[in-house]
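Novice: See run-v2.cif below, with mmCIF, C-alpha atoms.
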```
data_target
#
loop_
_atom_site.label_atom_id
_atom_site.label_comp_id
_atom_site.auth_asym_id
_atom_site.auth_seq_id
_atom_site.Cartn_x
_atom_site.Cartn_y
_atom_site.Cartn_z
CA TYR A 1 -13.81 2.93 19.31
CA HIS A 2 -11.62 1.65 22.14
CA GLU A 3 -14.00 -1.23 22.83
CA ALA A 4 -13.89 -2.27 19.17
CA LYS A 5 -10.08 -2.09 19.16
CA GLU A 6 -9.84 -4.21 22.31
CA ASN A 7 -12.25 -6.78 20.90
CA ILE A 8 -10.33 -6.97 17.62
CA THR A 9 -7.09 -7.53 19.53
CA ARG A 10 -8.69 -10.20 21.73
CA ILE A 11 -10.22 -11.97 18.71
CA ALA A 12 -6.95 -11.81 16.74
CA ILE A 13 -5.06 -13.42 19.62
CA ARG A 14 -7.59 -16.23 19.93
CA MET A 15 -7.67 -16.79 16.16
CA SER A 16 -3.89 -17.00 16.23
CA GLU A 17 -4.06 -19.59 19.01
CA ILE A 18 -6.48 -21.73 17.00
CA GLY A 19 -4.42 -21.37 13.83
CA SER A 20 -6.91 -21.43 10.96
CA SER A 21 -10.40 -22.46 9.94
CA GLN A 22 -8.91 -25.77 8.77
CA VAL A 23 -7.41 -26.62 12.17
CA VAL A 24 -6.57 -30.30 12.62
CA HIS A 25 -6.85 -32.07 15.97
CA GLU A 26 -6.67 -35.78 16.83
CA ASP A 27 -10.07 -35.59 18.56
CA PRO A 28 -12.80 -34.94 15.94
CA LEU A 29 -15.09 -33.30 18.52
CA VAL A 30 -12.39 -30.84 19.59
CA GLN A 31 -11.55 -30.20 15.93
CA ASN A 32 -15.19 -29.37 15.11
CA ARG A 33 -15.48 -27.15 18.20
CA LEU A 34 -12.31 -25.26 17.22
CA ARG A 35 -13.48 -24.82 13.64
CA GLU A 36 -16.87 -23.54 14.80
CA GLU A 37 -15.19 -21.17 17.25
CA TYR A 38 -12.86 -19.91 14.51
CA PHE A 39 -15.84 -19.32 12.20
CA LYS A 40 -17.65 -17.37 14.95
CA LEU A 41 -14.48 -15.36 15.64
CA GLU A 42 -14.20 -14.47 11.94
CA LYS A 43 -17.78 -13.17 11.98
CA ASP A 44 -17.13 -11.16 15.14
CA MET A 45 -13.87 -9.80 13.72
CA GLU A 46 -15.68 -8.63 10.59
CA LYS A 47 -18.40 -6.98 12.69
CA PHE A 48 -15.97 -5.14 15.00
CA ASN A 49 -13.65 -4.18 12.14
CA SER A 50 -16.57 -2.67 10.21
CA ALA A 51 -17.66 -0.75 13.29
CA LEU A 52 -14.12 0.42 13.95
CA THR A 53 -13.51 1.74 10.44
CA LEU A 54 -16.65 3.86 10.60
CA THR A 55 -15.55 5.84 13.66
CA ASP A 56 -14.11 9.34 13.51
CA GLU A 57 -11.27 8.30 15.83
CA TYR A 58 -10.19 5.59 13.40
CA GLN A 59 -10.22 8.02 10.47
CA GLN A 60 -8.15 10.49 12.49
CA GLU A 61 -5.70 7.73 13.46
CA ILE A 62 -5.28 6.68 9.82
CA GLU A 63 -4.82 10.28 8.66
CA ALA A 64 -2.24 10.88 11.41
CA ALA A 65 -0.34 7.73 10.43
CA GLU A 66 -0.37 8.77 6.75
CA LYS A 67 0.84 12.27 7.62
CA LYS A 68 3.61 10.86 9.82
CA TRP A 69 4.71 8.53 7.02
CA GLN A 70 4.72 11.41 4.52
CA ASP A 71 6.70 13.61 6.89
CA ASP A 72 9.17 10.81 7.67
CA SER A 73 9.59 9.95 3.98
CA ARG A 74 9.65 13.49 2.58
CA ALA A 75 13.44 13.83 2.31
CA ASP A 76 13.89 10.36 0.79
CA ASN A 77 11.05 10.95 -1.68
CA GLU A 78 12.48 14.30 -2.70
CA GLU A 79 15.89 12.72 -3.29
CA ALA A 80 14.30 9.92 -5.35
CA ARG A 81 12.38 12.48 -7.43
CA LYS A 82 15.59 14.39 -8.13
CA LYS A 83 17.37 11.19 -9.19
CA ILE A 84 14.56 10.36 -11.60
CA TRP A 85 14.62 13.88 -13.02
CA ARG A 86 18.34 13.55 -13.73
CA HIS A 87 17.62 10.61 -16.02
CA MET A 88 14.23 11.52 -17.46
CA ASP A 89 13.86 13.73 -20.50
CA VAL A 90 11.51 16.67 -20.07
CA HIS A 91 9.46 15.57 -23.09
CA ILE A 92 9.18 11.93 -21.98
CA LYS A 93 5.59 11.66 -23.16
CA ASN A 94 6.57 12.40 -26.76
CA LEU A 95 9.53 9.99 -26.93
CA SER A 96 9.53 6.28 -27.68
CA GLU A 97 11.53 3.72 -25.68
CA LYS A 98 14.00 3.57 -28.56
CA ALA A 99 14.46 7.35 -28.52
CA LEU A 100 14.92 7.35 -24.75
CA VAL A 101 17.71 4.79 -25.02
CA SER A 102 19.51 6.54 -27.87
CA GLU A 103 19.33 10.18 -26.70
CA PRO A 104 21.35 11.51 -23.76
CA THR A 105 19.48 12.21 -20.54
CA PRO A 106 19.55 15.58 -18.74
CA SER A 107 22.56 14.23 -16.82
CA GLY A 108 24.33 13.62 -20.15
CA LYS A 109 24.30 9.81 -19.96
CA LYS A 110 22.30 7.35 -22.02
CA LEU A 111 19.36 5.66 -20.34
CA PRO A 112 19.49 1.87 -19.86
CA LYS A 113 16.79 -0.01 -21.76
CA VAL A 114 15.23 -1.31 -18.52
CA LEU A 115 14.73 2.23 -17.19
CA ALA A 116 13.42 3.50 -20.52
CA ARG A 117 10.83 0.73 -20.53
CA ARG A 118 9.87 1.49 -16.92
CA PHE A 119 9.55 5.21 -17.65
CA LYS A 120 7.28 4.58 -20.63
CA ARG A 121 5.13 1.92 -18.94
CA SER A 122 4.65 3.73 -15.63
CA ASN A 123 2.38 6.70 -16.25
CA VAL A 124 2.90 7.88 -12.69
CA LEU A 125 6.63 8.37 -13.40
CA GLN A 126 5.77 10.44 -16.47
CA LEU A 127 3.71 12.72 -14.23
CA LEU A 128 6.96 13.87 -12.64
CA ARG A 129 7.78 15.69 -15.90
CA THR A 130 4.25 16.88 -16.64
CA SER A 131 3.14 20.44 -16.04
CA PRO A 132 0.76 20.76 -13.06
CA ASN A 133 -1.67 22.60 -15.36
CA ASP A 134 -1.75 19.60 -17.70
CA ILE A 135 -2.31 17.24 -14.77
CA ALA A 136 -5.19 19.37 -13.50
CA ARG A 137 -6.96 19.05 -16.87
CA VAL A 138 -6.82 15.26 -16.71
#
```
Starting from the coordinates I provided, produce the structure as structure tokens.

Specialist:
Amino acid sequence: YHEAKENITRIAIRMSEIGSSQVVHEDPLVQNRLREEYFKLEKDMEKFNSALTLTDEYQQEIEAAEKKWQDDSRADNEEARKKIWRHMDVHIKNLSEKALVSEPTPSGKKLPKVLARRFKRSNVLQLLRTSPNDIARV
């Protein structure tokens, strides 16, 4: 795992130094050598990256990063969910965009057309007002 990570870092640095597979140099021989080296580095990067992603350590690192992000974002996400709930009718699934714009929201205000359209077109937002039992059936 650590060897693969080190190799990926080393390869990434060298690829960055070269620039790209379409590197241009005034000497055609140097240009060809750099392009060949870049191609070989891409192959090696793919090999080490594939090996890295298959390790248990990598999976644990990814899961830890995801958990940290969720923990760090929990308060902000909860606040965002509450703000959406204040503007989203409980029966959002049964209402048209036109009905959403014309009827008052739970906060007592009318919903702007842009938000109504977003609520109706983003199924994931509608899940915020869907019963967990109904979600489980889907």

Novice: Calculate how many Å separate atom CA of A:Glu63 from atom CA of A:Asn7, rounding to one decimal.

Specialist: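 Rounded to one decimal, the two atoms are 22.3 Å apart.
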
Novice: List the residues selected by the PyMOL selection byres ((chain A and resi 39) around 12) in the file shown, writing them as a list of chain:residue names.

Specialist: A:Ile11, A:Arg14, A:Met15, A:Ile18, A:Gly19, A:Ser20, A:Ser21, A:Gln22, A:Val23, A:Asn32, A:Arg33, A:Leu34, A:Arg35, A:Glu36, A:Glu37, A:Tyr38, A:Lys40, A:Leu41, A:Glu42, A:Lys43, A:Asp44, A:Met45, A:Glu46

Novice: When distances are computed from all atoms listed in the file, which of A:Tyr1, A:Glu103, A:Arg121, A:Glu26 shows the smallest separation from A:Glu61?

Specialist: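 Of all the options, A:Tyr1 lies closest to A:Glu61.
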
Novice: Nearest to A:Ala4 among A:Thr130, A:Val30, A:Asn49, A:Val24, with distances taken over only C-alpha atoms: which residue is it?

Specialist: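 Smallest distance to A:Ala4 is found for A:Asn49.
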
Novice: Taking all atoms listed in the file into account, name the residue in A:His2, A:Arg118, A:Lys93, A:Lys82 that is nearest to A:Tyr58.

Specialist: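 Under the stated criterion, the closest residue is A:His2.
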
Novice: With the file shown as input, list the residues that the PyMOL selection byres ((chain A and resi 111) around 6) selects, as a PyMOL selection string.

Specialist: chain A and resi 101+110+112

Novice: How would the residues just chosen look if you wrote them out with C-alpha atoms as an mmCIF file, keeping the file's coordinate frame?

Specialist:
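In the end it all went to result-v1.cif:
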```cif
data_model
loop_
_atom_site.group_PDB
_atom_site.id
_atom_site.type_symbol
_atom_site.label_atom_id
_atom_site.label_comp_id
_atom_site.auth_asym_id
_atom_site.auth_seq_id
_atom_site.Cartn_x
_atom_site.Cartn_y
_atom_site.Cartn_z
ATOM 1 C CA VAL A 101 17.710 4.790 -25.020
ATOM 2 C CA LYS A 110 22.300 7.350 -22.020
ATOM 3 C CA PRO A 112 19.490 1.870 -19.860
#
```

Novice: Could you tell me how far atom CA of A:Asp72 sits from atom CA of A:Asn123, in Å to one decimal place?

Specialist: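 Spanning atom CA of A:Asn123 to atom CA of A:Asp72 is a straight-line distance of 25.2 Å.
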